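Peer 1: Sharing a structure with you now.
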Number of protein chains: 2
Amino acid sequence: MFEAAETQREFDKATYEEALPALRERLLKAQYSMLQEARFPVVLVVAGVPCAGRGETVRALSAWMDPRHLQVHAMGSPSDEELERPPMWRFWRRLPPKGKLGVFFGSWYTQPIVSHALKKTGERRLVESLDEIRSFEQMLTDEGALLLKFWFHLTKKEQRRRLDKLWQDERTRYRVTREDRRRAAHYDEFRETSGRVLSETHAPHAPWLVLDGFDDRYRNLTAGRELADAIEGRLALPKPSNAAASPSASEQPPTRRSEPLLKNLDLTRTLPPDEYKEQLAKYQARLAQLTRKRRFAKLSGVFVFEGMDAAGKGSAIRRVTQALDARIYDVHAIAAPSEEERAQPYLWRFWRHAPRDGKIAIFDRSWYGRVLVERVEGFASGSEWRRAFDEINEFERQLQTAGNVVVKFWMQISKDKQLERFNQREETPFKRFKITPEDWRNRDKWDDYQHAASDMIERTSTASAPWTLVEAEDKAFARIKVLRSLCEAIETAL
Amino acid sequence: MFEAAETQREFDKATYEEALPALRERLLKAQYSMLQEARFPVVLVVAGVPCAGRGETVRALSAWMDPRHLQVHAMGSPSDEELERPPMWRFWRRLPPKGKLGVFFGSWYTQPIVSHALKKTGERRLVESLDEIRSFEQMLTDEGALLLKFWFHLTKKEQRRRLDKLWQDERTRYRVTREDRRRAAHYDEFRETSGRVLSETHAPHAPWLVLDGFDDRYRNLTAGRELADAIEGRLALPKPSNAAASPSASEQPPTRRSEPLLKNLDLTRTLPPDEYKEQLAKYQARLAQLTRKRRFAKLSGVFVFEGMDAAGKGSAIRRVTQALDARIYDVHAIAAPSEEERAQPYLWRFWRHAPRDGKIAIFDRSWYGRVLVERVEGFASGSEWRRAFDEINEFERQLQTAGNVVVKFWMQISKDKQLERFNQREETPFKRFKITPEDWRNRDKWDDYQHAASDMIERTSTASAPWTLVEAEDKAFARIKVLRSLCEAIETAL
């Protein structure tokens, strides 16, 4: 892996200074074109061996390009807000929007490599980490990001020489951190782990470039050229056609025929008022108790509500929040994405709401919009919504691994019941605004939505985060089922 | 202050249950109308004495209203990300957008009251805090927020009785925090400080409502009614006319005649290439050194660049960033606000970029847009840009108090020089996109901009954050002046 980067190639000063102006112009030009098109972001991972000049090259690239549209993220230790979320949260929150360049100095590779090389975690954890990384990078590039990964390399001997030199001079000694010394002491282990990580995460859409860190000029110029090449290459590609947004997307052949799942639900189930009242009190009290347990402060909750318009999502959510301490939950009503959200990968707007420890995030509609409304209305292309199933499963897996109790409800009603409720809404003055022409249009596509929902349920019911199907024709029955399911999920987690 | 809330008023169950449905309908209706108009946010401060039922009332309000459009912020201890910003940052980041309701359970009042009542800080600090709070609330309401402040009161005896009761029962003992006990032990001091704080921060636009916490039903119903009254009252007001946005705003009489300030700048100052090269190296090295000092890690920097189009802001910024470790700075190019930013008070989009300790935020254009482009083009109303001077001074004061080195540059060029640079830009292929029809339109209003800039400089040059006027006709001279000024400012701060 690294041998090719140990030839200690050098550029003399004249070569460097001759080449530089042209490179800088290329970089600036590429950057401005990127910005103007605002079609894709660039994510640049900077990793490698201490003393191999990572910082110097990052500084050079920043100096050559327009600093207003380039952001360097020095990923030190996570803050406490970050520690209470899934590990990838801190990277998600820093992703560059379309048109901009984000440099990750320290990245999702740091922790897995360090911890494996120092034998704090074993083979199994490394394999898992690499899987996670591959999914993440696949998602990033599927969503249009240009992803580049630079590895800065040095031989053991050269690294030792540089560290010693810094250490001997009192004025530079502070630059040698304890971490650097530890990594140098374990050079061989780091080399082995890194070599494996690089080869297993190298892919055409997420290539590693190993840079020989021996000579500053060679390293900087090579890094700059690779970056310029990559951006220019992407800009030269034809813009993707807008087939994605054509309504015909909804007419694509279904992935599976799974309607029976929803058709077989027994929508005649009801709960008489007396029983409802009693059980409502019972389960709300239980939910209140459970979420007030001390152990819950170490967990967090992500509750998802999906269903056709007027299926009773809002009123079910209200029965849940009534039982919760108002300080521990947030309800997120998901509508069309904002401008900032549209400039990011699809899941970004949901990642930003990942709850801290002890908190609950309730989603009234959610990331499943990708495989429901966006699929049916053709807002997402076929490839976009098809890969969303895996992306979503991975997202929820990360939430769960970080201690989130993930519960998902599909609230099912009949087409007749929807009509009845639409009419009711139009009669109640202050609810009238809740019903829009769009609701009526969506209703016309009832079958498409039912079909998409069935697909969704089948593809994203994982062992740890299954869908709970709620017979919602009778609101009382539905609310109790929701409350009971939440109680059970939290009990299991506690 | 509190006597009126010590009458222990009660509502019996029948009264309560009779009144409740109507109140809930009113609240929901008010909430939906607010949401539909998306014209103003509601900020509700919940404060008061432990055991007076703050949490219960917040829960009741949350249960009665639509939880999707109401967010409760339990303000516990600040996170480390918050500790490294000005104290108000954690409130700014949680402000509700227009149309939504934000409940602050724990607020900007908590720390000043606790710290004064426990005699950790004295008279002087309290007076300062109250000033800060008044400015903040004035800004919030000037920006359109509906601000309500509820204080939950209990007599000393009643509070003691409740704490004892909770404490004696093992199942509820955990609810009595150390903080509660401490506050109860100092009941009289808290009463005195709170009374004073309330009376000094009570204003028609930011009223306090003192609620007797003795009876749950009375307290909840009263709180709900006050909230409904306030929202309904605001909704009933006529919508503000769009005079604000009319271009005639730019024709308003100037606040002062201060052009000479800029006209007297000596734009003939230049720096020969040799000297420039030497001084550039010198000051960049000095800036690099200064920002790498250990003590700088306790400070942070906010550098603002303003000036006419083509005044050389971008290229000056690049000379600054070249000297900085790429990991410690962010450059924010300020253009039109995003959708999320438009739903917030004007300064929100700048508050979000307040740097952490050891970091530098560089603004290529800034909050001064309010009194420059927004004033001249009439995007801000006369009252908006006029009050912006004070708001900005207060914002910068808070940044400085929190350890930020605030440096502001106005880069001045002549109208001829601008033309020359515009023409140059149009000739350079990859810079062509930097020049837009808008730039030419702005140029037509040269005198208006110069006048607005003079006003701005006069009104916002504070002792601690003065404007540095940069003669920018010669780029070399300008860049060196910028670098030198930054070095001096940081040296002073260190």
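In the structure tokens, the first chain shown is A, the next is B, and so on; residue numbers restart at 1 for each chain, and ligands run from 1 in the order shown.
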Got a sec to pull out which chain B residues are within 9 Å of chain A, counting only C-alpha atoms, and send them as a ChimeraX atom specification?

Peer 2: /B:25,28-30,32-33,36,55-56,58-60,62-75,79-81,105,314-315,317-319,321-333,338-340,362-364,429-431,433-434

Peer 1: Any chance you could export the current selection's C-alpha atoms as a JSON list (two decimals), in the first residue's frame?

Peer 2:
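Output file selection_22.json is given in full below:
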[["chain", "number", "residue", "atom", "x", "y", "z"],
["B", 25, "GLU", "CA", -59.95, 25.43, 21.68],
["B", 28, "LEU", "CA", -55.24, 25.64, 19.48],
["B", 29, "LYS", "CA", -56.96, 28.15, 17.30],
["B", 30, "ALA", "CA", -54.52, 30.87, 18.27],
["B", 32, "TYR", "CA", -52.82, 27.52, 14.19],
["B", 33, "SER", "CA", -53.49, 31.10, 13.15],
["B", 36, "GLN", "CA", -50.48, 30.09, 9.21],
["B", 55, "GLY", "CA", -43.16, 22.06, 35.30],
["B", 56, "GLU", "CA", -46.82, 21.15, 35.74],
["B", 58, "VAL", "CA", -45.56, 23.81, 31.13],
["B", 59, "ARG", "CA", -46.78, 20.26, 30.76],
["B", 60, "ALA", "CA", -50.39, 21.39, 30.75],
["B", 62, "SER", "CA", -47.88, 21.53, 25.98],
["B", 63, "ALA", "CA", -50.69, 19.02, 26.31],
["B", 64, "TRP", "CA", -53.36, 21.54, 25.34],
["B", 65, "MET", "CA", -51.59, 22.90, 22.31],
["B", 66, "ASP", "CA", -50.22, 21.21, 19.21],
["B", 67, "PRO", "CA", -46.85, 19.84, 20.30],
["B", 68, "ARG", "CA", -45.49, 20.00, 16.76],
["B", 69, "HIS", "CA", -45.31, 23.76, 16.88],
["B", 70, "LEU", "CA", -44.25, 24.30, 20.44],
["B", 71, "GLN", "CA", -40.83, 23.56, 21.83],
["B", 72, "VAL", "CA", -39.86, 23.48, 25.48],
["B", 73, "HIS", "CA", -36.26, 24.27, 26.26],
["B", 74, "ALA", "CA", -35.13, 23.05, 29.64],
["B", 75, "MET", "CA", -32.07, 25.15, 30.22],
["B", 79, "SER", "CA", -22.72, 22.41, 27.43],
["B", 80, "ASP", "CA", -19.04, 22.88, 26.71],
["B", 81, "GLU", "CA", -19.91, 24.24, 23.27],
["B", 105, "PHE", "CA", -37.91, 26.75, 31.25],
["B", 314, "GLY", "CA", -11.69, 39.11, -0.48],
["B", 315, "SER", "CA", -8.05, 39.51, -1.33],
["B", 317, "ILE", "CA", -8.99, 38.23, 3.75],
["B", 318, "ARG", "CA", -6.89, 35.81, 1.81],
["B", 319, "ARG", "CA", -3.69, 37.49, 3.01],
["B", 321, "THR", "CA", -5.98, 33.42, 6.22],
["B", 322, "GLN", "CA", -2.65, 32.56, 4.62],
["B", 323, "ALA", "CA", -1.06, 33.33, 7.95],
["B", 324, "LEU", "CA", -3.50, 31.30, 10.01],
["B", 325, "ASP", "CA", -3.58, 27.65, 10.84],
["B", 326, "ALA", "CA", -6.32, 26.39, 8.54],
["B", 327, "ARG", "CA", -7.91, 24.60, 11.47],
["B", 328, "ILE", "CA", -8.67, 27.68, 13.52],
["B", 329, "TYR", "CA", -10.63, 29.95, 11.23],
["B", 330, "ASP", "CA", -13.86, 30.03, 9.27],
["B", 331, "VAL", "CA", -14.67, 32.60, 6.63],
["B", 332, "HIS", "CA", -18.32, 33.52, 6.33],
["B", 333, "ALA", "CA", -19.34, 35.17, 3.08],
["B", 338, "SER", "CA", -31.57, 31.79, 3.92],
["B", 339, "GLU", "CA", -35.15, 30.80, 4.60],
["B", 340, "GLU", "CA", -34.32, 29.62, 8.12],
["B", 362, "ILE", "CA", -13.91, 36.12, 9.53],
["B", 363, "PHE", "CA", -16.87, 37.90, 8.00],
["B", 364, "ASP", "CA", -16.79, 39.01, 4.38],
["B", 429, "PRO", "CA", -12.81, 34.64, -17.50],
["B", 430, "PHE", "CA", -13.12, 32.86, -14.18],
["B", 431, "LYS", "CA", -13.76, 36.06, -12.26],
["B", 433, "PHE", "CA", -19.22, 35.62, -12.51],
["B", 434, "LYS", "CA", -18.14, 37.73, -9.56]]

Peer 1: Report as an NGL selection string all protein, DNA and RNA residues lying within 8 Å of range 147-150 of chain A, evaluated on only C-alpha atoms, omitting residues in the same chain fewer than 2 positions from it.

Peer 2: :A and (42-48 or 137 or 140-141 or 145 or 152 or 205-211 or 223 or 227)

Peer 1: Go ahead and dump the residues you just picked, N, CA and C atoms, as a PDB file, in the first residue's frame.

Peer 2:
ATOM      1  N   VAL A  42     -17.705  19.229  -2.232  1.00  0.00           N
ATOM      2  CA  VAL A  42     -16.485  18.417  -2.208  1.00  0.00           C
ATOM      3  C   VAL A  42     -16.158  18.100  -0.760  1.00  0.00           C
ATOM      4  N   VAL A  43     -15.967  16.824  -0.489  1.00  0.00           N
ATOM      5  CA  VAL A  43     -15.576  16.393   0.852  1.00  0.00           C
ATOM      6  C   VAL A  43     -14.166  15.840   0.738  1.00  0.00           C
ATOM      7  N   LEU A  44     -13.236  16.495   1.402  1.00  0.00           N
ATOM      8  CA  LEU A  44     -11.837  16.060   1.332  1.00  0.00           C
ATOM      9  C   LEU A  44     -11.395  15.564   2.703  1.00  0.00           C
ATOM     10  N   VAL A  45     -11.029  14.288   2.752  1.00  0.00           N
ATOM     11  CA  VAL A  45     -10.537  13.705   3.997  1.00  0.00           C
ATOM     12  C   VAL A  45      -9.023  13.810   4.015  1.00  0.00           C
ATOM     13  N   VAL A  46      -8.492  14.348   5.094  1.00  0.00           N
ATOM     14  CA  VAL A  46      -7.048  14.450   5.241  1.00  0.00           C
ATOM     15  C   VAL A  46      -6.628  13.572   6.413  1.00  0.00           C
ATOM     16  N   ALA A  47      -5.829  12.557   6.100  1.00  0.00           N
ATOM     17  CA  ALA A  47      -5.429  11.617   7.152  1.00  0.00           C
ATOM     18  C   ALA A  47      -3.968  11.264   6.953  1.00  0.00           C
ATOM     19  N   GLY A  48      -3.432  10.471   7.853  1.00  0.00           N
ATOM     20  CA  GLY A  48      -2.059  10.013   7.673  1.00  0.00           C
ATOM     21  C   GLY A  48      -1.240  10.054   8.934  1.00  0.00           C
ATOM     22  N   GLU A 137     -19.839   6.531   2.966  1.00  0.00           N
ATOM     23  CA  GLU A 137     -19.226   7.128   1.777  1.00  0.00           C
ATOM     24  C   GLU A 137     -20.051   6.834   0.530  1.00  0.00           C
ATOM     25  N   LEU A 140     -22.826   9.344   0.680  1.00  0.00           N
ATOM     26  CA  LEU A 140     -22.328  10.689   0.319  1.00  0.00           C
ATOM     27  C   LEU A 140     -22.204  10.843  -1.186  1.00  0.00           C
ATOM     28  N   THR A 141     -21.578   9.869  -1.817  1.00  0.00           N
ATOM     29  CA  THR A 141     -21.327  10.021  -3.248  1.00  0.00           C
ATOM     30  C   THR A 141     -22.599   9.755  -4.047  1.00  0.00           C
ATOM     31  N   ALA A 145     -21.957  14.026  -3.673  1.00  0.00           N
ATOM     32  CA  ALA A 145     -20.714  14.627  -3.192  1.00  0.00           C
ATOM     33  C   ALA A 145     -19.526  14.092  -3.979  1.00  0.00           C
ATOM     34  N   PHE A 152      -1.373  10.975   4.048  1.00  0.00           N
ATOM     35  CA  PHE A 152      -0.018  11.523   4.064  1.00  0.00           C
ATOM     36  C   PHE A 152       0.907  10.517   4.749  1.00  0.00           C
ATOM     37  N   HIS A 205     -15.494   5.504  -6.410  1.00  0.00           N
ATOM     38  CA  HIS A 205     -16.213   6.720  -6.016  1.00  0.00           C
ATOM     39  C   HIS A 205     -15.620   7.337  -4.756  1.00  0.00           C
ATOM     40  N   ALA A 206     -14.726   6.619  -4.084  1.00  0.00           N
ATOM     41  CA  ALA A 206     -14.152   7.122  -2.834  1.00  0.00           C
ATOM     42  C   ALA A 206     -12.679   6.743  -2.770  1.00  0.00           C
ATOM     43  N   PRO A 207     -11.905   7.304  -3.705  1.00  0.00           N
ATOM     44  CA  PRO A 207     -10.517   6.856  -3.834  1.00  0.00           C
ATOM     45  C   PRO A 207      -9.585   7.428  -2.762  1.00  0.00           C
ATOM     46  N   TRP A 208      -8.614   6.611  -2.378  1.00  0.00           N
ATOM     47  CA  TRP A 208      -7.537   7.091  -1.529  1.00  0.00           C
ATOM     48  C   TRP A 208      -6.377   7.519  -2.412  1.00  0.00           C
ATOM     49  N   LEU A 209      -5.733   8.592  -2.045  1.00  0.00           N
ATOM     50  CA  LEU A 209      -4.484   8.964  -2.695  1.00  0.00           C
ATOM     51  C   LEU A 209      -3.430   8.977  -1.598  1.00  0.00           C
ATOM     52  N   VAL A 210      -2.412   8.133  -1.764  1.00  0.00           N
ATOM     53  CA  VAL A 210      -1.340   8.108  -0.766  1.00  0.00           C
ATOM     54  C   VAL A 210      -0.242   9.055  -1.236  1.00  0.00           C
ATOM     55  N   LEU A 211       0.046  10.050  -0.406  1.00  0.00           N
ATOM     56  CA  LEU A 211       1.017  11.080  -0.770  1.00  0.00           C
ATOM     57  C   LEU A 211       2.299  10.890   0.019  1.00  0.00           C
ATOM     58  N   ALA A 223      -0.952  17.233  -4.140  1.00  0.00           N
ATOM     59  CA  ALA A 223      -2.284  17.311  -3.527  1.00  0.00           C
ATOM     60  C   ALA A 223      -3.149  18.311  -4.293  1.00  0.00           C
ATOM     61  N   LEU A 227      -6.573  17.493  -6.480  1.00  0.00           N
ATOM     62  CA  LEU A 227      -7.835  18.143  -6.143  1.00  0.00           C
ATOM     63  C   LEU A 227      -8.410  18.850  -7.373  1.00  0.00           C
TER      64      LEU A 227
END

Peer 1: Nearest to Val304 in chain B among B:Val127, B:Ala380, B:Leu469, B:Leu101, with distances taken over only C-alpha atoms: which residue is it?

Peer 2: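 Closest residue, counting only C-alpha atoms: B:Leu469.
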
Peer 1: Using DSSP on the backbone, list every residue of range 75-201 of chain A that comes out as strand (DSSP E or B), and give them as a list in words.

Peer 2: Leu101, Gly102, Val103, Phe104, Phe105, Leu146, Leu147, Leu148, Lys149, Phe150, Trp151, Phe152 and His153 of chain A

Peer 1: May I have the selected residues written with C-alpha atoms, as a PDB file, in the first residue's frame?

Peer 2:
ATOM      1  CA  LEU A 101     -15.606  22.410  -0.065  1.00  0.00           C
ATOM      2  CA  GLY A 102     -15.217  20.799   3.352  1.00  0.00           C
ATOM      3  CA  VAL A 103     -11.836  19.545   4.517  1.00  0.00           C
ATOM      4  CA  PHE A 104     -11.954  17.020   7.320  1.00  0.00           C
ATOM      5  CA  PHE A 105      -8.675  17.087   9.153  1.00  0.00           C
ATOM      6  CA  LEU A 146     -17.263  14.515  -4.720  1.00  0.00           C
ATOM      7  CA  LEU A 147     -15.270  12.557  -2.149  1.00  0.00           C
ATOM      8  CA  LEU A 148     -11.476  12.549  -2.016  1.00  0.00           C
ATOM      9  CA  LYS A 149      -9.235  10.995   0.602  1.00  0.00           C
ATOM     10  CA  PHE A 150      -5.604  11.962   0.984  1.00  0.00           C
ATOM     11  CA  TRP A 151      -3.292   9.859   3.096  1.00  0.00           C
ATOM     12  CA  PHE A 152      -0.018  11.523   4.064  1.00  0.00           C
ATOM     13  CA  HIS A 153       2.739   8.973   4.477  1.00  0.00           C
TER      14      HIS A 153
END

Peer 1: When you draw a straight line from CA of Ser464 in chain B to CA of Ala476 in chain B, how long is it in Å?

Peer 2: 27.1 Å

Peer 1: From the list B:Glu420, B:Asp274, B:Asp474, B:Glu391, which residue is nearest Asp142 in chain B when using only C-alpha atoms?

Peer 2: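 Nearest to Asp142 in chain B: B:Glu391.
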
Peer 1: What lies within 7 Å of range 89-94 of chain A using only C-alpha atoms, ignoring chain neighbours under 6 positions off, as a ChimeraX atom specification?

Peer 2: /A:82,348,351-352

Peer 1: Mind pulling up the distance from CA of Asp229 in chain A to CA of Glu18 in chain A?

Peer 2: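 Separation between CA of Glu18 in chain A and CA of Asp229 in chain A: 18.4 Å.
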
Peer 1: Neighbouring residues of Phe190 in chain A were defined as those with any atom within 9 Å, considering only C-alpha atoms; residues of the same chain fewer than 3 positions away were excluded. Please report them as a PyMOL selection string.

Peer 2: chain A and resi 49+113-114+116-118+183-184+186-187+193-195

Peer 1: List the spatial neighbours of Pro97 in chain B as a ChimeraX atom specification - criterion: any atom at most 7 Å away, only C-alpha atoms, same-chain residues fewer than 3 positions off excluded.

Peer 2: /B:41,100,343-344

Peer 1: Could you tell me how far CA of Gly99 in chain B sits from CA of Ser135 in chain B, in Å to one decimal place?

Peer 2: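 CA of Gly99 in chain B lies at a distance of 22.8 Å from CA of Ser135 in chain B.
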
Peer 1: Write out as number ranges by chain which residues come within 9 Å of Ala489 in chain B when counting only C-alpha atoms, dropping same-chain ones fewer than 5 positions away.

Peer 2: B: 405-407, 484, 494

Peer 1: How would the residues just picked look written out with C-alpha atoms as a JSON list (two decimals), in the first residue's frame?

Peer 2:
[["chain", "number", "residue", "atom", "x", "y", "z"],
["B", 405, "VAL", "CA", -11.05, 40.19, 19.75],
["B", 406, "VAL", "CA", -13.41, 42.18, 17.53],
["B", 407, "VAL", "CA", -11.75, 44.03, 14.65],
["B", 484, "ARG", "CA", -0.84, 45.23, 11.02],
["B", 494, "LEU", "CA", -2.94, 38.95, 24.88]]

Peer 1: Using only C-alpha atoms, which of A:Ala310, A:Arg349, A:Pro87, A:Glu377 sits nearest Thr436 in chain A?

Peer 2: A:Ala310

Peer 1: Between A:Leu486, A:Ala335, A:Ser366, A:Asp309, which is the closest to Lys415 in chain A once you count only C-alpha atoms?

Peer 2: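 The answer is A:Asp309, which sits nearest to Lys415 in chain A.
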
Peer 1: Select from range 209-326 of chain A everything DSSP, run on the backbone, classes as alpha helix (DSSP H), then give the selection as a PyMOL selection string.

Peer 2: chain A and resi 216-236+260-263+273-292+313-321
